[in-house]
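Asks: Dropping the structure in here first, questions after.
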Amino acid sequence: MSYESMSVSERRLLPPAVAVSTVAFALRPPEGAQLGPATAVSVGAAATLWLPLVRRTRPPFANSWALPGGPIPWNETLVDTALRTLRAATERNPGYLEQLYSFGAVERSAEAQRLVTIAYWALFGEEDLVPREAALSREAASDGGDPVVPEADPNVAWFSADALPDLAFDHGDIVAHALDRLRSKTGYSTVAYRFLGESFTLAQLREVREAILGETIDPANFRRQALSQGHLIDTGNLTSGDRHRPAKLYRFTEHQGNATRSNS
């Protein structure tokens, strides 16, 4: 029996549905990605965070943008559902995934069945955002075949965290909660390094901090603080191929690659 055909008393006895939603942050949208119509910030502007959203095609909140996610199948873990739905939206695997919070306000599903969401937050590093064509070409080459590039989904777009549209359900609150978690962890953990490759310049690291905190950081002060913390190792290499003076490349002392992590 569908929810719409149930009586009021039957609806009151129906247990809540359970779903997963994921806030996935990146320092920039993937090359060639569709950008959301509400995004007023250009890709080349000041540092900001970006996240993928999915346009809903059915009620409730039809045509509204929402976080990637969906109901939890009986044979899937929470982490697997988060990864599967995020991969379906972005065609990429995140480098970092962590459980965020549970959202279950009574009225969050409008007139539909009550819905409890287990929210996750994820990070895409530079290596996670390689063009789909490049990734598919590498995979095809290893299989001895030709790459088949799927068409982009028109209902998936990347938005600047500074220019989000009104989101379905309480997904705006979920994004705000994820931003708070990311900013708080930046102050005492090494999560900011997960946005970068294995080696990076101090300017690139500062750009990550500025995007996360949403504020400009003095380069000289940042350099002193970053080097004094003891987390960075000078690789002995310099940048090349750009118009600016070559800069030193550093790596994180406890760099762990892009292995997905979950705190369930």
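Each chain in the structure tokens gets a letter, A, B, ..., in the order shown, and its residues are numbered from 1; ligands are numbered from 1 in order too.
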Residues of range 67-96 of chain A classed as helix (DSSP H, G or I) by DSSP on the backbone are to be reported as a PDB file with N, CA and C atoms, in the first residue's frame.

Replies:
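result.pdb, written as the output of this step:
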```
ATOM      1  N   LEU A  78      25.491   1.440   5.707  1.00  0.00           N
ATOM      2  CA  LEU A  78      25.347   2.878   5.559  1.00  0.00           C
ATOM      3  C   LEU A  78      26.462   3.455   4.690  1.00  0.00           C
ATOM      4  N   VAL A  79      27.687   3.014   4.930  1.00  0.00           N
ATOM      5  CA  VAL A  79      28.827   3.506   4.164  1.00  0.00           C
ATOM      6  C   VAL A  79      28.679   3.146   2.695  1.00  0.00           C
ATOM      7  N   ASP A  80      28.269   1.917   2.413  1.00  0.00           N
ATOM      8  CA  ASP A  80      28.121   1.492   1.022  1.00  0.00           C
ATOM      9  C   ASP A  80      27.051   2.304   0.303  1.00  0.00           C
ATOM     10  N   THR A  81      25.963   2.618   0.996  1.00  0.00           N
ATOM     11  CA  THR A  81      24.923   3.442   0.381  1.00  0.00           C
ATOM     12  C   THR A  81      25.447   4.845   0.115  1.00  0.00           C
ATOM     13  N   ALA A  82      26.178   5.406   1.075  1.00  0.00           N
ATOM     14  CA  ALA A  82      26.748   6.742   0.886  1.00  0.00           C
ATOM     15  C   ALA A  82      27.697   6.765  -0.309  1.00  0.00           C
ATOM     16  N   LEU A  83      28.562   5.767  -0.410  1.00  0.00           N
ATOM     17  CA  LEU A  83      29.513   5.715  -1.515  1.00  0.00           C
ATOM     18  C   LEU A  83      28.818   5.479  -2.849  1.00  0.00           C
ATOM     19  N   ARG A  84      27.859   4.577  -2.868  1.00  0.00           N
ATOM     20  CA  ARG A  84      27.175   4.259  -4.126  1.00  0.00           C
ATOM     21  C   ARG A  84      26.422   5.466  -4.672  1.00  0.00           C
ATOM     22  N   THR A  85      25.671   6.148  -3.824  1.00  0.00           N
ATOM     23  CA  THR A  85      24.874   7.276  -4.290  1.00  0.00           C
ATOM     24  C   THR A  85      25.746   8.474  -4.661  1.00  0.00           C
ATOM     25  N   LEU A  86      26.847   8.670  -3.937  1.00  0.00           N
ATOM     26  CA  LEU A  86      27.761   9.751  -4.289  1.00  0.00           C
ATOM     27  C   LEU A  86      28.471   9.448  -5.600  1.00  0.00           C
ATOM     28  N   ARG A  87      28.847   8.196  -5.791  1.00  0.00           N
ATOM     29  CA  ARG A  87      29.494   7.788  -7.034  1.00  0.00           C
ATOM     30  C   ARG A  87      28.527   7.917  -8.213  1.00  0.00           C
ATOM     31  N   ALA A  88      27.263   7.599  -7.996  1.00  0.00           N
ATOM     32  CA  ALA A  88      26.274   7.717  -9.066  1.00  0.00           C
ATOM     33  C   ALA A  88      26.109   9.165  -9.511  1.00  0.00           C
ATOM     34  N   ALA A  89      26.237  10.109  -8.561  1.00  0.00           N
ATOM     35  CA  ALA A  89      26.070  11.526  -8.883  1.00  0.00           C
ATOM     36  C   ALA A  89      27.319  12.128  -9.514  1.00  0.00           C
ATOM     37  N   THR A  90      28.492  11.743  -9.042  1.00  0.00           N
ATOM     38  CA  THR A  90      29.731  12.401  -9.466  1.00  0.00           C
ATOM     39  C   THR A  90      30.619  11.555 -10.366  1.00  0.00           C
TER      40      THR A  90
END
```

Asks: Hey, what's within 12 Å of Ala47 in chain A if we count only C-alpha atoms and toss same-chain stuff fewer than 5 positions away? As a PyMOL selection string, please?

Replies: chain A and resi 26-29+41-42+160-162+203-217

Asks: Would you mind reading off the distance between CA of Phe195 in chain A and CA of Ala226 in chain A, one decimal, in Å?

Replies: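 The value is 16.0 Å.
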
Asks: What is the CA of Asp170 in chain A-CA of Ser21 in chain A distance in Å, reported with one decimal?

Replies: 10.9 Å

Asks: Show me, as a list in words, the residues that have an atom within 6 Å of Leu249 in chain A when counting only C-alpha atoms, minus same-chain residues fewer than 5 positions from it.

Replies: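 The residues satisfying every condition are Ser199, Phe200, Thr201, Thr235, Asn237 and Leu238 of chain A.
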
Asks: Keeping only C-alpha atoms, write the selected residues as a short mmCIF file (atom, residue, chain, number, x, y, z; two decimals), in the first residue's frame.

Replies:
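The resulting file, out_14.cif, is reproduced below:
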```
data_model
loop_
_atom_site.label_atom_id
_atom_site.label_comp_id
_atom_site.auth_asym_id
_atom_site.auth_seq_id
_atom_site.Cartn_x
_atom_site.Cartn_y
_atom_site.Cartn_z
CA SER A 199 53.08 17.17 -2.73
CA PHE A 200 52.00 20.79 -2.68
CA THR A 201 53.20 24.35 -2.20
CA THR A 235 60.59 17.32 -0.62
CA ASN A 237 61.67 19.63 -5.34
CA LEU A 238 60.36 22.82 -6.94
#
```

Asks: If DSSP is run on the backbone, what residues of range 12-257 of chain A are strand (DSSP E or B)? A reply as a compact mmCIF listing (two decimals) with C-alpha atoms, in the first residue's frame would be ideal.

Replies:
```txt
# COMPACT_ATOMS: atom_id res chain seq x y z
CA ALA A 17 11.97 5.57 6.34
CA VAL A 18 15.76 5.71 6.66
CA ALA A 19 18.09 7.22 4.06
CA VAL A 20 21.64 8.46 3.62
CA SER A 21 22.75 11.87 2.34
CA THR A 22 26.32 13.03 1.73
CA VAL A 23 27.88 16.48 1.68
CA ALA A 24 30.93 16.16 -0.57
CA PHE A 25 33.40 19.05 -0.64
CA ALA A 26 36.04 19.86 -3.26
CA LEU A 35 27.70 24.32 -12.66
CA TRP A 50 32.29 23.31 -4.06
CA LEU A 51 29.81 20.48 -3.66
CA PRO A 52 27.64 18.38 -5.98
CA LEU A 53 23.84 18.55 -5.79
CA VAL A 54 21.13 16.46 -7.44
CA ARG A 55 17.85 17.84 -8.76
CA TRP A 65 18.21 20.60 -5.46
CA ALA A 66 19.28 18.09 -2.82
CA GLY A 69 21.80 10.08 -1.33
CA GLY A 70 18.89 7.72 -1.15
CA PRO A 71 17.15 5.01 0.85
CA TYR A 96 37.65 10.75 2.58
CA LEU A 97 34.27 9.81 4.06
CA GLU A 98 33.03 10.21 7.61
CA GLN A 99 29.66 9.94 9.31
CA LEU A 100 28.36 13.37 10.29
CA TYR A 101 25.06 13.32 12.18
CA SER A 102 21.50 11.98 12.16
CA PHE A 103 18.64 14.26 11.11
CA LEU A 115 12.24 10.31 6.89
CA VAL A 116 15.33 9.95 9.07
CA THR A 117 18.61 10.74 7.31
CA ILE A 118 22.05 9.52 8.32
CA ALA A 119 24.34 12.23 6.94
CA TYR A 120 27.94 11.78 5.84
CA TRP A 121 30.54 14.27 4.73
CA ALA A 122 33.20 13.56 2.15
CA LEU A 123 36.24 15.22 0.61
CA PHE A 124 37.46 15.08 -2.99
CA VAL A 156 23.56 16.85 -11.34
CA ALA A 157 25.47 20.10 -10.89
CA TRP A 158 28.26 21.54 -8.75
CA PHE A 159 27.59 24.61 -6.62
CA SER A 160 29.81 26.97 -4.71
CA LEU A 167 17.63 22.90 -0.80
CA PHE A 200 52.00 20.79 -2.68
CA LEU A 232 55.44 19.41 6.69
CA ILE A 233 58.51 17.91 5.04
CA ASP A 234 60.42 19.75 2.32
CA THR A 235 60.59 17.32 -0.62
CA GLY A 236 63.60 19.09 -2.11
CA ASN A 237 61.67 19.63 -5.34
CA LEU A 238 60.36 22.82 -6.94
CA LYS A 248 59.15 24.60 -2.84
CA LEU A 249 57.07 21.44 -2.75
CA TYR A 250 56.14 19.93 0.61
CA ARG A 251 54.43 16.79 1.73
CA PHE A 252 52.58 15.93 4.90
```

Asks: I need the residue nearest Gln225 in chain A from this list: A:Ala105, A:Leu202, A:Arg183, A:Ile174. Use only C-alpha atoms for the distance.

Replies: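 Among the listed residues, the smallest separation from Gln225 in chain A belongs to A:Leu202.
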
Asks: Find the residues around Phe169 in chain A up to 8 Å (only C-alpha atoms counted), leave out those fewer than 6 positions away in its own chain, and share them as a list in words.

Replies: Phe61, Ala66, Arg108, Ser109 and Ala110 of chain A

Asks: Write the residues of the selection above to a file with C-alpha atoms, as a PDB file, in the first residue's frame.

Replies:
```pdb
ATOM      1  CA  PHE A  61      10.368  18.888  -3.220  1.00  0.00           C
ATOM      2  CA  ALA A  66      19.280  18.093  -2.816  1.00  0.00           C
ATOM      3  CA  ARG A 108      11.366  17.528   7.597  1.00  0.00           C
ATOM      4  CA  SER A 109       9.665  15.390   4.922  1.00  0.00           C
ATOM      5  CA  ALA A 110       6.754  17.794   4.307  1.00  0.00           C
TER       6      ALA A 110
END
```
